[in-house]
$ cat target_5.txt   # compact mmCIF, C-alpha atoms
# COMPACT_ATOMS: atom_id res chain seq x y z
CA MET A 22 -40.75 -5.21 59.10
CA ASN A 23 -37.45 -4.83 60.83
CA PRO A 24 -38.11 -5.16 64.56
CA THR A 25 -35.03 -3.10 65.53
CA SER A 26 -36.07 -0.06 63.52
CA ALA A 27 -38.30 1.12 66.35
CA GLN A 28 -35.33 1.44 68.70
CA THR A 29 -32.66 2.82 66.38
CA PRO A 30 -32.96 6.41 65.22
CA PRO A 31 -33.71 6.75 61.53
CA VAL A 32 -30.66 7.15 59.35
CA ALA A 33 -30.35 10.72 58.12
CA PRO A 34 -30.61 10.95 54.34
CA ARG A 35 -27.21 11.48 52.75
CA LYS A 36 -28.44 14.30 50.54
CA ALA A 37 -31.00 16.98 51.24
CA ALA A 38 -34.23 16.30 49.41
CA PRO A 39 -34.37 18.66 46.39
CA ALA A 40 -37.95 19.48 47.34
CA GLY A 41 -36.62 21.21 50.46
CA ASN A 42 -34.69 23.76 48.46
CA TRP A 43 -37.52 26.29 48.64
CA ARG A 44 -36.45 27.13 52.21
CA TYR A 45 -33.09 28.41 50.93
CA ALA A 46 -34.97 30.55 48.43
CA LEU A 47 -36.96 31.99 51.35
CA VAL A 48 -33.75 32.85 53.23
CA GLY A 49 -32.52 34.43 49.98
CA VAL A 50 -35.64 36.61 49.73
CA PHE A 51 -35.03 38.11 53.19
CA PHE A 52 -31.35 38.45 52.36
CA GLY A 53 -32.12 40.27 49.09
CA ILE A 54 -34.54 42.66 50.80
CA THR A 55 -31.83 43.45 53.38
CA PHE A 56 -29.33 44.15 50.58
CA VAL A 57 -31.66 46.73 49.05
CA LYS A 58 -32.99 48.28 52.25
CA ALA A 59 -29.57 48.75 53.87
CA GLU A 60 -28.25 50.13 50.56
CA ILE A 61 -25.57 47.43 50.45
CA ILE A 62 -26.14 47.13 46.70
CA SER A 63 -25.46 50.85 46.30
CA TRP A 64 -22.39 51.65 44.20
CA PHE A 65 -22.15 54.89 46.20
CA ARG A 66 -22.00 53.12 49.59
CA ILE A 67 -19.11 50.94 48.34
CA GLN A 68 -17.32 54.10 47.18
CA GLU A 69 -17.84 55.64 50.64
CA MET A 70 -16.37 52.50 52.18
CA PHE A 71 -13.25 52.44 49.99
CA ARG A 72 -12.77 56.19 50.57
CA PHE A 73 -13.18 55.78 54.37
CA ASP A 74 -15.86 58.50 54.30
CA ALA A 75 -18.62 56.60 56.08
CA PHE A 76 -18.96 53.93 58.73
CA HIS A 77 -22.07 52.28 57.22
CA MET A 78 -20.49 49.36 55.30
CA TYR A 79 -17.89 48.73 58.01
CA GLY A 80 -20.76 48.58 60.49
CA VAL A 81 -22.70 46.13 58.31
CA ILE A 82 -19.75 43.79 57.63
CA GLY A 83 -18.41 44.09 61.20
CA THR A 84 -21.78 43.24 62.77
CA ALA A 85 -22.28 40.38 60.30
CA VAL A 86 -18.88 38.89 61.19
CA ALA A 87 -19.53 39.31 64.94
CA VAL A 88 -22.96 37.63 64.73
CA GLY A 89 -21.61 34.91 62.42
CA LEU A 90 -18.60 34.26 64.66
CA ILE A 91 -20.65 33.96 67.85
CA SER A 92 -23.17 31.70 66.06
CA VAL A 93 -20.54 29.36 64.62
CA GLN A 94 -18.72 29.10 67.94
CA LEU A 95 -22.02 28.35 69.74
CA ILE A 96 -22.93 25.71 67.15
CA LYS A 97 -19.51 24.07 67.64
CA ARG A 98 -19.43 24.27 71.45
CA LEU A 99 -23.00 23.01 71.85
CA GLY A 100 -22.52 20.38 69.13
CA LEU A 101 -25.75 21.44 67.42
CA LYS A 102 -27.07 19.42 64.49
CA SER A 103 -28.91 20.51 61.38
CA VAL A 104 -32.68 20.05 61.24
CA GLU A 105 -32.01 16.86 59.23
CA GLY A 106 -29.94 15.53 62.12
CA GLN A 107 -26.54 15.86 60.46
CA PRO A 108 -23.62 17.10 62.54
CA ILE A 109 -22.60 20.58 61.37
CA ARG A 110 -19.36 20.49 59.42
CA ILE A 111 -17.72 23.47 57.77
CA ALA A 112 -15.01 22.83 55.19
CA PRO A 113 -11.77 24.71 55.93
CA LYS A 114 -10.61 27.40 53.51
CA PRO A 115 -7.26 26.34 51.99
CA PHE A 116 -4.53 28.90 51.38
CA THR A 117 -3.23 29.12 47.81
CA THR A 118 -1.57 31.70 45.57
CA GLY A 119 -5.10 32.45 44.42
CA THR A 120 -6.09 33.58 47.91
CA ILE A 121 -3.87 36.62 47.32
CA VAL A 122 -3.91 37.10 43.53
CA GLY A 123 -7.61 36.29 43.14
CA SER A 124 -8.57 38.55 46.05
CA VAL A 125 -6.56 41.46 44.61
CA LEU A 126 -8.34 41.04 41.24
CA PHE A 127 -11.73 40.75 42.97
CA GLY A 128 -11.04 43.90 45.01
CA MET A 129 -10.39 45.85 41.81
CA GLY A 130 -13.64 44.55 40.34
CA TRP A 131 -15.52 45.38 43.54
CA ALA A 132 -14.27 48.99 43.44
CA ILE A 133 -15.28 49.30 39.76
CA THR A 134 -18.71 47.65 39.86
CA GLY A 135 -19.60 48.42 43.49
CA ALA A 136 -20.85 44.85 43.67
CA CYS A 137 -19.70 41.52 44.98
CA PRO A 138 -21.42 38.36 43.68
CA GLY A 139 -24.34 38.46 46.17
CA PRO A 140 -25.47 42.01 45.40
CA LEU A 141 -25.24 41.31 41.64
CA PHE A 142 -28.25 38.99 41.98
CA ALA A 143 -30.17 41.66 43.93
CA HIS A 144 -29.30 44.32 41.33
CA VAL A 145 -30.91 42.26 38.60
CA GLY A 146 -34.02 41.71 40.73
CA ALA A 147 -34.17 45.42 41.55
CA GLY A 148 -34.33 46.19 37.83
CA TYR A 149 -30.86 47.63 37.25
CA TRP A 150 -30.71 45.94 33.86
CA ALA A 151 -27.18 47.07 33.00
CA MET A 152 -26.04 45.02 35.99
CA ALA A 153 -27.28 41.92 34.19
CA VAL A 154 -24.37 42.55 31.81
CA THR A 155 -22.06 42.76 34.84
CA LEU A 156 -23.45 39.44 36.09
CA LEU A 157 -22.95 37.82 32.67
CA SER A 158 -19.42 39.19 32.56
CA ALA A 159 -18.77 37.80 36.06
CA LEU A 160 -19.96 34.40 34.76
CA ALA A 161 -17.54 34.79 31.84
CA GLY A 162 -14.75 35.61 34.32
CA THR A 163 -15.51 32.49 36.35
CA TRP A 164 -15.62 30.40 33.17
CA VAL A 165 -12.26 31.74 31.94
CA TYR A 166 -10.79 31.00 35.38
CA GLY A 167 -12.03 27.41 35.14
CA TRP A 168 -10.56 27.08 31.65
CA LEU A 169 -7.18 28.61 32.62
CA ARG A 170 -7.04 26.85 35.99
CA PRO A 171 -4.55 24.10 34.99
CA ARG A 172 -2.12 26.81 33.87
CA LEU A 173 -2.50 29.16 36.87
CA PRO A 174 -0.34 28.95 40.02
CA HIS A 175 -2.21 27.58 43.03
CA MET B 23 -44.58 49.30 60.57
CA LEU B 24 -44.53 49.56 56.77
CA GLU B 25 -43.19 53.10 57.12
CA LEU B 26 -40.33 51.77 59.24
CA LEU B 27 -39.60 49.09 56.62
CA ARG B 28 -39.60 51.68 53.84
CA GLN B 29 -36.86 53.77 55.42
CA PRO B 30 -33.24 52.79 54.84
CA TRP B 31 -32.29 50.19 57.45
CA PRO B 32 -29.45 50.99 59.87
CA TRP B 33 -26.15 49.09 59.66
CA TYR B 34 -26.65 47.13 62.88
CA VAL B 35 -29.99 45.70 61.69
CA ALA B 36 -28.59 44.74 58.27
CA GLY B 37 -25.35 43.40 59.76
CA ALA B 38 -27.21 41.24 62.29
CA LEU B 39 -29.57 39.85 59.62
CA ILE B 40 -26.68 39.02 57.28
CA GLY B 41 -24.68 37.48 60.14
CA LEU B 42 -27.67 35.33 61.10
CA THR B 43 -27.72 33.88 57.58
CA VAL B 44 -24.59 31.90 58.59
CA PRO B 45 -26.23 29.82 61.38
CA VAL B 46 -29.57 29.66 59.55
CA LEU B 47 -27.98 27.98 56.49
CA LEU B 48 -25.88 25.70 58.71
CA LEU B 49 -28.86 24.63 60.81
CA LEU B 50 -31.26 24.30 57.87
CA GLY B 51 -29.04 21.86 56.03
CA ASN B 52 -25.34 22.10 56.87
CA LYS B 53 -24.82 24.64 54.07
CA PRO B 54 -21.89 27.06 54.01
CA PHE B 55 -22.73 30.70 53.28
CA GLY B 56 -20.97 31.79 50.08
CA LEU B 57 -22.42 33.32 46.95
CA SER B 58 -19.61 33.37 44.38
CA SER B 59 -19.82 29.54 44.10
CA ASN B 60 -23.10 30.10 42.27
CA LEU B 61 -21.20 31.61 39.35
CA ARG B 62 -19.33 28.30 39.06
CA HIS B 63 -22.55 26.27 39.37
CA ILE B 64 -24.21 28.31 36.61
CA CYS B 65 -21.16 27.77 34.35
CA ALA B 66 -21.25 24.03 35.15
CA ALA B 67 -24.98 23.88 34.39
CA CYS B 68 -24.94 25.95 31.19
CA VAL B 69 -21.48 25.86 29.54
CA PRO B 70 -19.37 23.02 31.04
CA ALA B 71 -17.59 22.61 27.63
CA ASN B 72 -15.41 19.72 28.84
CA VAL B 73 -13.54 22.02 31.26
CA GLU B 74 -12.54 19.84 34.22
CA PHE B 75 -13.39 22.60 36.75
CA PHE B 76 -17.04 22.51 35.60
CA ASN B 77 -17.25 18.74 35.35
CA TYR B 78 -19.13 17.94 38.57
CA ASP B 79 -22.74 17.42 39.61
CA TRP B 80 -23.88 21.00 40.15
CA ARG B 81 -27.34 19.68 41.08
CA GLU B 82 -25.95 18.69 44.49
CA GLN B 83 -25.34 22.41 45.05
CA ALA B 84 -28.75 23.43 43.72
CA TRP B 85 -29.71 24.79 47.16
CA ASN B 86 -27.29 27.69 46.60
CA LEU B 87 -28.89 28.53 43.25
CA TRP B 88 -32.26 28.62 45.01
CA PHE B 89 -30.71 30.93 47.58
CA ALA B 90 -29.44 33.22 44.77
CA GLY B 91 -32.85 33.05 43.09
CA GLY B 92 -34.37 34.19 46.38
CA ILE B 93 -31.99 37.15 46.41
CA VAL B 94 -33.23 38.18 42.95
CA VAL B 95 -36.82 38.07 44.24
CA GLY B 96 -35.82 39.88 47.45
CA GLY B 97 -34.11 42.57 45.38
CA ALA B 98 -37.34 43.05 43.45
CA ILE B 99 -39.51 43.19 46.60
CA GLY B 100 -37.12 45.56 48.36
CA SER B 101 -36.94 48.00 45.48
CA HIS B 102 -40.55 47.89 44.24
CA PHE B 103 -42.66 47.49 47.36
CA LEU B 104 -40.50 48.93 50.12
CA THR B 105 -39.02 51.91 48.32
CA ASP B 106 -38.19 55.12 50.04
CA SER B 107 -38.84 58.28 48.05
CA ALA B 108 -36.00 60.15 49.74
CA ALA B 109 -32.70 60.16 47.85
CA LEU B 110 -29.71 58.31 49.22
CA VAL B 111 -27.75 60.42 51.71
CA LEU B 112 -24.14 60.27 50.61
CA ALA B 113 -21.07 61.38 52.58
CA PRO B 114 -20.20 64.91 51.32
CA ASP B 115 -16.51 64.03 50.80
CA THR B 116 -17.34 61.02 48.61
CA MET B 117 -19.82 63.11 46.63
CA ALA B 118 -17.25 65.86 46.06
CA ASP B 119 -14.59 63.33 44.99
CA LEU B 120 -16.95 61.60 42.56
CA ARG B 121 -18.12 64.95 41.13
CA ALA B 122 -14.49 65.90 40.57
CA LEU B 123 -14.01 62.64 38.66
CA GLY B 124 -16.87 63.60 36.36
CA LEU B 125 -19.83 61.69 37.80
CA ARG B 126 -23.14 63.54 37.39
CA ASP B 127 -25.96 61.24 38.52
CA PHE B 128 -26.39 60.95 42.28
CA THR B 129 -30.16 60.73 42.52
CA SER B 130 -31.63 58.22 40.06
CA GLY B 131 -31.06 55.13 42.20
CA LEU B 132 -28.57 52.89 43.96
CA VAL B 133 -26.16 52.90 41.01
CA PRO B 134 -25.12 55.96 38.94
CA ALA B 135 -26.87 55.98 35.57
CA ASP B 136 -23.81 57.54 33.93
CA LEU B 137 -21.95 54.26 34.50
CA PHE B 138 -24.61 51.55 34.84
CA SER B 139 -27.60 52.04 32.58
CA VAL B 140 -28.71 50.63 29.25
CA GLN B 141 -27.67 53.94 27.62
CA ALA B 142 -24.25 53.85 29.31
CA LEU B 143 -23.70 50.38 27.79
CA GLY B 144 -23.31 52.20 24.49
CA THR B 145 -20.27 54.10 25.79
CA ALA B 146 -16.69 52.87 26.29
CA ARG B 147 -16.83 54.01 29.91
CA GLY B 148 -20.08 52.18 30.60
CA LEU B 149 -18.71 49.01 29.00
CA PHE B 150 -15.54 49.25 31.08
CA PHE B 151 -17.48 49.52 34.35
CA THR B 152 -19.93 46.69 33.57
CA VAL B 153 -17.88 44.26 31.47
CA VAL B 154 -14.30 44.66 32.76
CA GLY B 155 -15.49 45.16 36.34
CA GLY B 156 -17.78 42.14 36.21
CA PHE B 157 -15.08 39.95 34.66
CA LEU B 158 -12.65 40.82 37.49
CA VAL B 159 -15.33 39.97 40.09
CA GLY B 160 -16.05 36.58 38.51
CA PHE B 161 -12.43 35.64 37.79
CA GLY B 162 -11.06 36.97 41.08
CA THR B 163 -13.61 35.45 43.42
CA ARG B 164 -13.20 31.98 41.94
CA TYR B 165 -9.39 32.17 41.90
CA ALA B 166 -9.57 33.35 45.52
CA ASN B 167 -12.11 30.59 46.33
CA GLY B 168 -14.55 33.03 47.92
CA CYS B 169 -15.92 36.55 48.07
CA THR B 170 -17.23 38.90 50.73
CA SER B 171 -19.73 36.29 51.94
CA GLY B 172 -17.55 33.17 51.70
CA HIS B 173 -14.32 34.69 53.00
CA ALA B 174 -15.07 37.87 54.97
CA ILE B 175 -18.24 36.62 56.69
CA MET B 176 -18.27 32.78 56.60
CA GLY B 177 -14.49 32.32 56.65
CA LEU B 178 -13.82 34.81 59.45
CA SER B 179 -16.78 33.41 61.44
CA ASN B 180 -15.05 30.02 61.24
CA LEU B 181 -11.68 31.56 62.20
CA GLN B 182 -9.99 30.65 58.90
CA TRP B 183 -6.72 32.56 58.54
CA PRO B 184 -6.68 32.28 54.71
CA SER B 185 -10.00 34.14 54.77
CA LEU B 186 -8.40 36.94 56.78
CA VAL B 187 -5.62 37.16 54.16
CA ALA B 188 -8.24 37.23 51.39
CA THR B 189 -10.29 39.93 53.15
CA VAL B 190 -7.23 42.14 53.71
CA CYS B 191 -6.23 41.64 50.03
CA PHE B 192 -9.60 42.51 48.48
CA MET B 193 -10.26 45.42 50.83
CA GLY B 194 -6.76 46.81 50.24
CA SER B 195 -6.99 46.29 46.51
CA GLY B 196 -10.40 48.02 46.45
CA VAL B 197 -8.99 51.02 48.32
CA LEU B 198 -6.04 51.29 45.90
CA MET B 199 -8.29 50.86 42.86
CA THR B 200 -10.65 53.57 44.17
CA HIS B 201 -7.91 56.11 44.89
CA TYR B 202 -5.44 55.44 42.05
CA GLY B 203 -7.26 53.33 39.44
CA LEU B 204 -10.62 55.09 39.10
CA PRO B 205 -9.13 58.57 38.38
CA LEU B 206 -7.16 56.92 35.54
CA VAL B 207 -10.24 55.14 34.22
CA PHE B 208 -12.32 58.34 34.32
CA SER B 209 -9.60 60.31 32.52
CA MET B 210 -9.28 57.60 29.84
CA PHE B 211 -13.01 57.51 29.07
CA GLN B 212 -14.27 61.07 29.34
$ encode --input "target_5.txt" --output "structure tokens"
Amino acid sequence: MNPTSAQTPPVAPRKAAPAGNWRYALVGVFFGITFVKAEIISWFRIQEMFRFDAFHMYGVIGTAVAVGLISVQLIKRLGLKSVEGQPIRIAPKPFTTGTIVGSVLFGMGWAITGACPGPLFAHVGAGYWAMAVTLLSALAGTWVYGWLRPRLPH
Amino acid sequence: MLELLRQPWPWYVAGALIGLTVPVLLLLGNKPFGLSSNLRHICAACVPANVEFFNYDWREQAWNLWFAGGIVVGGAIGSHFLTDSAALVLAPDTMADLRALGLRDFTSGLVPADLFSVQALGTARGLFFTVVGGFLVGFGTRYANGCTSGHAIMGLSNLQWPSLVATVCFMGSGVLMTHYGLPLVFSMFQ
């Protein structure tokens, strides 16, 4: 027995216990239901957005950014910690050539498929089986990027 | 209550719930919200093939795969148990534009069956929309190091200027593709 252990706070584990991963699945379930119920996974709603014919998607993304922004700033100002006691750290997003070129390519794909990576998972769950091909093709795209990466400008 | 859940949810409810995912993931385990990374983790888990980009311990990021798995389940619950019998109400201008392009199915579900259905996979047009479109999403998001969740929501929430550049680029590119690219695609694959 280490007599000092009673006074010092327990050291937070370096890695999250894999057993705790179910809670992220639970967050995902609510997230997936929201995607379907707010019609975010609708190809038609994405078309409306890119044609500036409806406010819906701008409302969704705008509200999400506002809520996310306020939350992150509160977490930083109040110095909140995760439930495991770790200080909250968010890695910065670096700027590279890919930020522009990759985003332009993604935007084209988004307009064609009406789906970004998150909704693709919900599409498959919702039983739009053709979208499983889109998901597989997105995996192929990511794989080809990884393979070509040493030869691409960054 | 169930009736209320069955109806399409308004943008402010959906936006708030999606925005709250950011602090929930941070507080639950210091996890950054971002879904396109999962495509990389799946590649690393299934086909690493000695590519340096996939040579890392994807198991450390397993939480995100659980999150994506939850989205699959949520998609199933939302569409099978909370379905609304009423058809999607589409903006009349968008509907007219899409009809002019040659789209016929507006009622079968959240995606048009003329582009995204098992039958459509047997057509050049259907293959273009699923395969080429999907490839661009997977290649582009990884090259850009983020998608709508990682850049537009997480990145902007954390005041990252590269995320603002990315968001402007993919929104702008989507607008151009919709107005100038899609008419070309539809005329190529009638």
$ closest_residue --input "target_5.txt" --among "A:Trp168, A:Ala161, A:Ile133, A:Ser92" --to "B:Phe208" --atoms "all atoms listed in the file"
A:Ile133
$ residues_around --input "target_5.txt" --residues "A:His175" --least-positions-apart "4" --cutoff "7 Å" --atoms "all atoms listed in the file" --output "list in words"
Thr117, Thr118 and Gly119 of chain A
$ residues_near_point --input "target_5.txt" --point "(-14.4, 39.5, 39.3)" --cutoff "7 Å" --atoms "only C-alpha atoms" --output "ChimeraX atom specification"
/A:126-127,130,159,162 /B:155-163
$ atom_distance --input "target_5.txt" --atom1 "atom CA of A:Ala87" --atom2 "atom CA of B:His63"
28.9 Å
$ closest_residue --input "target_5.txt" --among "B:Val94, B:Leu123, B:Met210, B:Val111" --to "A:Gly148" --atoms "all atoms listed in the file"
B:Val94
$ residues_around --input "target_5.txt" --residues "stretch 131-138 of chain B" --least-positions-apart "5" --cutoff "7 Å" --atoms "all atoms listed in the file" --output "list in words"
Ile62, Ser63, Trp64, Phe65, Ala151 and Met152 of chain A; Leu125, Arg126, Arg147, Gly148, Phe151 and Thr152 of chain B
$ write_last_selection --input "target_5.txt" --atoms "C-alpha atoms" --output "short mmCIF file (atom, residue, chain, number, x, y, z; two decimals), in the coordinates of the input"
data_model
loop_
_atom_site.label_atom_id
_atom_site.label_comp_id
_atom_site.auth_asym_id
_atom_site.auth_seq_id
_atom_site.Cartn_x
_atom_site.Cartn_y
_atom_site.Cartn_z
CA ILE A 62 -26.14 47.13 46.70
CA SER A 63 -25.46 50.85 46.30
CA TRP A 64 -22.39 51.65 44.20
CA PHE A 65 -22.15 54.89 46.20
CA ALA A 151 -27.18 47.07 33.00
CA MET A 152 -26.04 45.02 35.99
CA LEU B 125 -19.83 61.69 37.80
CA ARG B 126 -23.14 63.54 37.39
CA ARG B 147 -16.83 54.01 29.91
CA GLY B 148 -20.08 52.18 30.60
CA PHE B 151 -17.48 49.52 34.35
CA THR B 152 -19.93 46.69 33.57
#
$ axis_aligned_box --input "target_5.txt" --around "stretch 36-43 of chain B" --padding-each-side "4 Å" --output "JSON"
{"center_x": -27.1, "center_y": 39.3, "center_z": 59.8, "size_x": 12.9, "size_y": 18.9, "size_z": 13.0}
$ closest_residue --input "target_5.txt" --among "A:Ala85, A:Gln107, A:Val122, A:Leu157" --to "chain B" --atoms "all atoms listed in the file"
A:Ala85
$ closest_atom_pairs --input "target_5.txt" --of "stretch 74-165 of chain B" --to "stretch 170-173 of chain A" --cutoff "12 Å" --atoms "only C-alpha atoms" --output "tab-separated table"
residue	atom	partner	partner_atom	distance
B:Glu74	CA	A:Arg170	CA	9.1
B:Phe75	CA	A:Arg170	CA	7.7
B:Phe76	CA	A:Arg170	CA	10.9
B:Phe161	CA	A:Arg170	CA	10.5
B:Arg164	CA	A:Arg170	CA	10.0
B:Tyr165	CA	A:Arg170	CA	8.3
$ atom_distance --input "target_5.txt" --atom1 "atom CA of B:Ala166" --atom2 "atom CA of A:Ser124"
5.3 Å
$ atom_distance --input "target_5.txt" --atom1 "atom CA of B:Leu24" --atom2 "atom CA of B:Gly96"
16.0 Å
$ closest_residue --input "target_5.txt" --among "A:Leu47, A:Leu101, A:Val93, A:Phe56" --to "A:Val81" --atoms "only C-alpha atoms"
A:Phe56
$ closest_residue --input "target_5.txt" --among "A:Leu156, A:Trp164, A:Glu69, A:Gly139" --to "A:Phe52" --atoms "only C-alpha atoms"
A:Gly139
$ build_atoms --input "target_5.txt" --residues "stretch 129-144 of chain A" --atoms "N, CA and C atoms" --output "PDB file, keeping the file's coordinate frame"
ATOM      1  N   MET A 129     -10.334  44.860  42.897  1.00  0.00           N
ATOM      2  CA  MET A 129     -10.390  45.850  41.810  1.00  0.00           C
ATOM      3  C   MET A 129     -11.786  45.848  41.185  1.00  0.00           C
ATOM      4  N   GLY A 130     -12.309  44.656  40.922  1.00  0.00           N
ATOM      5  CA  GLY A 130     -13.640  44.550  40.340  1.00  0.00           C
ATOM      6  C   GLY A 130     -14.719  45.098  41.259  1.00  0.00           C
ATOM      7  N   TRP A 131     -14.543  44.893  42.562  1.00  0.00           N
ATOM      8  CA  TRP A 131     -15.520  45.380  43.540  1.00  0.00           C
ATOM      9  C   TRP A 131     -15.538  46.909  43.539  1.00  0.00           C
ATOM     10  N   ALA A 132     -14.338  47.529  43.460  1.00  0.00           N
ATOM     11  CA  ALA A 132     -14.270  48.990  43.440  1.00  0.00           C
ATOM     12  C   ALA A 132     -14.871  49.558  42.148  1.00  0.00           C
ATOM     13  N   ILE A 133     -14.746  48.806  41.039  1.00  0.00           N
ATOM     14  CA  ILE A 133     -15.280  49.300  39.760  1.00  0.00           C
ATOM     15  C   ILE A 133     -16.805  49.132  39.706  1.00  0.00           C
ATOM     16  N   THR A 134     -17.273  47.931  40.017  1.00  0.00           N
ATOM     17  CA  THR A 134     -18.710  47.650  39.860  1.00  0.00           C
ATOM     18  C   THR A 134     -19.520  48.022  41.098  1.00  0.00           C
ATOM     19  N   GLY A 135     -18.867  48.175  42.245  1.00  0.00           N
ATOM     20  CA  GLY A 135     -19.600  48.420  43.490  1.00  0.00           C
ATOM     21  C   GLY A 135     -20.413  47.211  43.895  1.00  0.00           C
ATOM     22  N   ALA A 136     -20.043  46.035  43.387  1.00  0.00           N
ATOM     23  CA  ALA A 136     -20.850  44.850  43.670  1.00  0.00           C
ATOM     24  C   ALA A 136     -19.968  43.627  43.849  1.00  0.00           C
ATOM     25  N   CYS A 137     -20.287  42.842  44.879  1.00  0.00           N
ATOM     26  CA  CYS A 137     -19.700  41.520  44.980  1.00  0.00           C
ATOM     27  C   CYS A 137     -20.762  40.544  44.438  1.00  0.00           C
ATOM     28  N   PRO A 138     -20.468  39.250  44.345  1.00  0.00           N
ATOM     29  CA  PRO A 138     -21.420  38.360  43.680  1.00  0.00           C
ATOM     30  C   PRO A 138     -22.846  38.370  44.271  1.00  0.00           C
ATOM     31  N   GLY A 139     -22.993  38.461  45.591  1.00  0.00           N
ATOM     32  CA  GLY A 139     -24.340  38.460  46.170  1.00  0.00           C
ATOM     33  C   GLY A 139     -25.193  39.623  45.684  1.00  0.00           C
ATOM     34  N   PRO A 140     -24.709  40.863  45.873  1.00  0.00           N
ATOM     35  CA  PRO A 140     -25.470  42.010  45.400  1.00  0.00           C
ATOM     36  C   PRO A 140     -25.801  41.978  43.903  1.00  0.00           C
ATOM     37  N   LEU A 141     -24.947  41.363  43.077  1.00  0.00           N
ATOM     38  CA  LEU A 141     -25.240  41.310  41.640  1.00  0.00           C
ATOM     39  C   LEU A 141     -26.608  40.684  41.378  1.00  0.00           C
ATOM     40  N   PHE A 142     -26.945  39.628  42.157  1.00  0.00           N
ATOM     41  CA  PHE A 142     -28.250  38.990  41.980  1.00  0.00           C
ATOM     42  C   PHE A 142     -29.373  39.950  42.385  1.00  0.00           C
ATOM     43  N   ALA A 143     -29.156  40.707  43.470  1.00  0.00           N
ATOM     44  CA  ALA A 143     -30.170  41.660  43.930  1.00  0.00           C
ATOM     45  C   ALA A 143     -30.336  42.817  42.941  1.00  0.00           C
ATOM     46  N   HIS A 144     -29.217  43.246  42.317  1.00  0.00           N
ATOM     47  CA  HIS A 144     -29.300  44.320  41.330  1.00  0.00           C
ATOM     48  C   HIS A 144     -30.242  43.947  40.201  1.00  0.00           C
TER      49      HIS A 144
END
